[in-house]
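Each remark here refers to the structure printed beneath this line.
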Amino acid sequence: MKQLDHEHFQILCNAGTLQKLPKGHIFYDGYDNLDAIYCLTDGLCALMSLKDSGKEHIYHYLKPGSIIGFTPAFLEYTHEQDTTSEAYFLLKAKSNCTVYRLEKERIFELMQTYPQILKFIMLSMANTSRNLLKHFYTAQESNAASKIAFTLLSLAEEVNGDFILHKEFNYPELSKYLGIHHITVARIIGSFKDEGIIKKLGHSIKILDQEALMDYAQNKKILQY
């Protein structure tokens with residue numbers, strides 16, 4: 001797990017229960033109390049909301065190495081939950097996932113006993129906050145091509161020296177995340193492909209030229225599509 005050494009990762013895992021969860025599993029639905037915290041070791045999850053039409057609105061993706069459900073569990077644990085808010089959020093598995101399920105009281109004990117685990121939790125929450133702010137800023141301030149370029153760079157994971165996007169990041173999924181019509185997403189990604197910046201690997205996307213993609217993300221280059 002990122003930012004946590006093997007010894008303390010094993011301590012964390014041994015305190016929990018290994019679970020294989022299917023795509024579509026709901027960890028938290030915004031109303032029910034969350035009775036556990038999850039360490040994601042494989043798969044993809046999302047912080048999202050549902051519109052009245054049932055359409056998903058994605059705010060943040062959680063990749064392997066993430067802690068799932070800590071914020072709602074911690075707020076309940078400290079009796080600081082905002083019961084007046086009408087915000088309705090989901091924590092949902094976007095693919096089949098492997099997790100370690102930890103009772104929340106147990107993980108709070110581990111945080112008190114092991115400074116390394118406490119630091120890992122704090123860094124995980126700080127990274128989530130930073131990534132949310134980056135996403136919201138990009139959504140408000142950037143054009144469509146810049147948004148997509150930045151998103152491809154931020155969501156890609158290094159796999160054997162290559163930078164690959166998870167197969168779940170198809171055009172409709174990126175459309176939900178960026179608030180851009182899926183046809184526009186397809187056109188822009190098609191233009192990046194034509195320029196040799198990315199290429200399709202089955203259902204996944206491989207980034208071939210990070211520097212060129214960053215130029216579009218930073219509006220140093222303007223894409224005509």
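How things are named: the first chain in the structure tokens is A, the next is B, and so on; residues count from 1 in each chain; ligands count from 1 in the order shown.
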
Margin query: I need the alpha helix (DSSP H) residues of region 78-219 of chain A per DSSP on the backbone, written as a ChimeraX atom specification.
Written below: /A:104-113,115-141,144-155,171-178,182-194,210-217

Do you know which residues are at most 9 Å from region 213-220 of chain A counting only C-alpha atoms, after dropping those on the same chain fewer than 5 positions away, and could you put them as a CSV table (one decimal) with C-alpha atoms, in the first residue's frame?
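Written out: out-v5.csv:
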```csv
chain,number,residue,atom,x,y,z
A,142,SER,CA,-10.5,24.9,-18.0
A,143,ASN,CA,-11.8,24.1,-21.5
A,145,ALA,CA,-9.6,19.5,-24.0
A,146,SER,CA,-7.6,20.8,-21.0
A,147,LYS,CA,-10.0,19.0,-18.6
A,148,ILE,CA,-9.6,15.7,-20.4
A,149,ALA,CA,-5.8,16.0,-20.7
A,150,PHE,CA,-5.5,16.8,-17.0
A,151,THR,CA,-7.8,14.0,-16.1
A,152,LEU,CA,-6.0,11.4,-18.2
A,153,LEU,CA,-2.7,12.4,-16.5
A,192,PHE,CA,-5.2,12.9,-28.9
A,197,ILE,CA,-0.3,11.2,-27.6
A,198,ILE,CA,-2.3,8.2,-26.5
A,207,ILE,CA,-0.4,7.5,-22.5
```

Notebook entry, point to check: Out of A:Asp5, A:Ala144, A:Gly43, A:Asp52, which residue has the shortest atom-to-atom distance to Ile180 (chain A) when counting only C-alpha atoms?
Noted result: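 Among A:Asp5, A:Ala144, A:Gly43, A:Asp52, it is A:Ala144 that comes nearest to Ile180 (chain A).
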
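Take CA of His8 (chain A) and CA of Leu132 (chain A): the distance between them is 27.2 Å.
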
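Reported to one decimal place, the separation of CA of Leu174 (chain A) from CA of Tyr137 (chain A) is 16.5 Å.
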
Next item on the list: Taking the DSSP assignment computed from this structure's backbone, write out as an MDAnalysis selection string all residues of region 38-110 of chain A that belong to strand (DSSP E).
Entry: chainID A and resid 38:42 45:50 56:62 67:68 90:93 97:103

Margin query: Between A:Leu62, A:Leu50, A:Met111, A:Leu178, which residue has the minimum interatomic distance to Asn127 (chain A), considering only C-alpha atoms?
Written below: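 So, comparing all the options, the nearest one is A:Leu62.
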
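Note that the spacing between CA of Val185 (chain A) and CA of Tyr28 (chain A) amounts to 29.1 Å.
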
Write out as a short mmCIF file (atom, residue, chain, number, x, y, z; two decimals) with C-alpha atoms, in the first residue's frame which residues come within 12 Å of region 162-164 of chain A when counting only C-alpha atoms, dropping same-chain ones fewer than 5 positions away.
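So result_2.cif came out as:
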```
data_model
loop_
_atom_site.label_atom_id
_atom_site.label_comp_id
_atom_site.auth_asym_id
_atom_site.auth_seq_id
_atom_site.Cartn_x
_atom_site.Cartn_y
_atom_site.Cartn_z
CA LEU A 152 -5.95 11.40 -18.22
CA LEU A 153 -2.69 12.40 -16.55
CA SER A 154 -4.11 12.35 -13.02
CA LEU A 155 -5.98 9.05 -13.33
CA ALA A 156 -3.28 7.02 -15.11
CA GLU A 157 -1.41 4.39 -13.10
CA PHE A 169 -12.59 4.88 -17.58
CA ILE A 197 -0.29 11.17 -27.61
CA ILE A 198 -2.31 8.17 -26.45
CA LYS A 199 -3.39 4.83 -27.84
CA LYS A 200 -6.10 2.30 -27.05
CA LEU A 201 -5.12 -1.00 -25.45
CA GLY A 202 -8.29 -3.03 -25.63
CA HIS A 203 -10.64 -1.25 -23.24
CA SER A 204 -7.83 0.75 -21.63
CA ILE A 205 -5.94 3.91 -22.63
CA LYS A 206 -2.14 4.10 -22.64
CA ILE A 207 -0.43 7.50 -22.46
CA LEU A 208 2.44 7.70 -24.93
CA ASP A 209 3.48 11.36 -24.57
CA GLN A 210 2.93 12.86 -21.12
#
```

Margin query: Measuring between only C-alpha atoms, which one of A:Tyr225, A:Met125, A:Tyr38, A:Glu168 shows the shortest distance to Asp194 (chain A)?
Written below: A:Tyr225

Margin query: Considering only C-alpha atoms, can you say which of A:Glu211, A:Ser124, A:Arg106, A:Tyr88 comes closest to Asp29 (chain A)?
Written below: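 That would be A:Tyr88, the residue with the smallest distance to Asp29 (chain A).
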
Given only C-alpha atoms, how would the per-residue table for region 112-153 of chain A near region 68-76 of chain A read, listing every residue at most 12 Å away with its closest atom pair and distance in Å to one decimal, sorted by chain and number, as a tab-separated table?
```
residue	atom	partner	partner_atom	distance
A:Ile121	CA	A:Phe70	CA	8.5
A:Met122	CA	A:Phe70	CA	10.3
A:Ser124	CA	A:Phe70	CA	9.7
A:Met125	CA	A:Thr71	CA	8.1
A:Ala126	CA	A:Thr71	CA	11.4
A:Thr128	CA	A:Ile68	CA	10.5
A:Ser129	CA	A:Thr71	CA	11.0
```

Once you have the residues from the selection above, write them out as a CSV table (one decimal), in the first residue's frame, restricted to N, CA, C and O atoms.
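Writing done, so here's again_26.csv:
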```csv
chain,number,residue,atom,x,y,z
A,121,ILE,N,-3.1,7.4,7.3
A,121,ILE,CA,-4.4,7.8,7.3
A,121,ILE,C,-4.5,9.3,7.0
A,121,ILE,O,-5.3,9.8,6.1
A,122,MET,N,-3.7,10.1,7.7
A,122,MET,CA,-3.7,11.6,7.5
A,122,MET,C,-3.3,11.9,6.1
A,122,MET,O,-3.9,12.8,5.4
A,124,SER,N,-3.5,10.0,3.4
A,124,SER,CA,-4.6,9.6,2.5
A,124,SER,C,-5.7,10.6,2.5
A,124,SER,O,-6.2,11.0,1.4
A,125,MET,N,-6.1,11.1,3.6
A,125,MET,CA,-7.2,12.1,3.6
A,125,MET,C,-6.7,13.5,3.0
A,125,MET,O,-7.5,14.1,2.3
A,126,ALA,N,-5.5,13.8,3.3
A,126,ALA,CA,-4.9,15.1,2.7
A,126,ALA,C,-4.9,15.0,1.1
A,126,ALA,O,-5.2,15.9,0.4
A,128,THR,N,-6.8,13.1,-0.7
A,128,THR,CA,-8.1,13.1,-1.2
A,128,THR,C,-8.6,14.5,-1.3
A,128,THR,O,-9.2,14.9,-2.3
A,129,SER,N,-8.4,15.3,-0.3
A,129,SER,CA,-8.8,16.7,-0.3
A,129,SER,C,-8.1,17.5,-1.4
A,129,SER,O,-8.8,18.3,-2.1
```
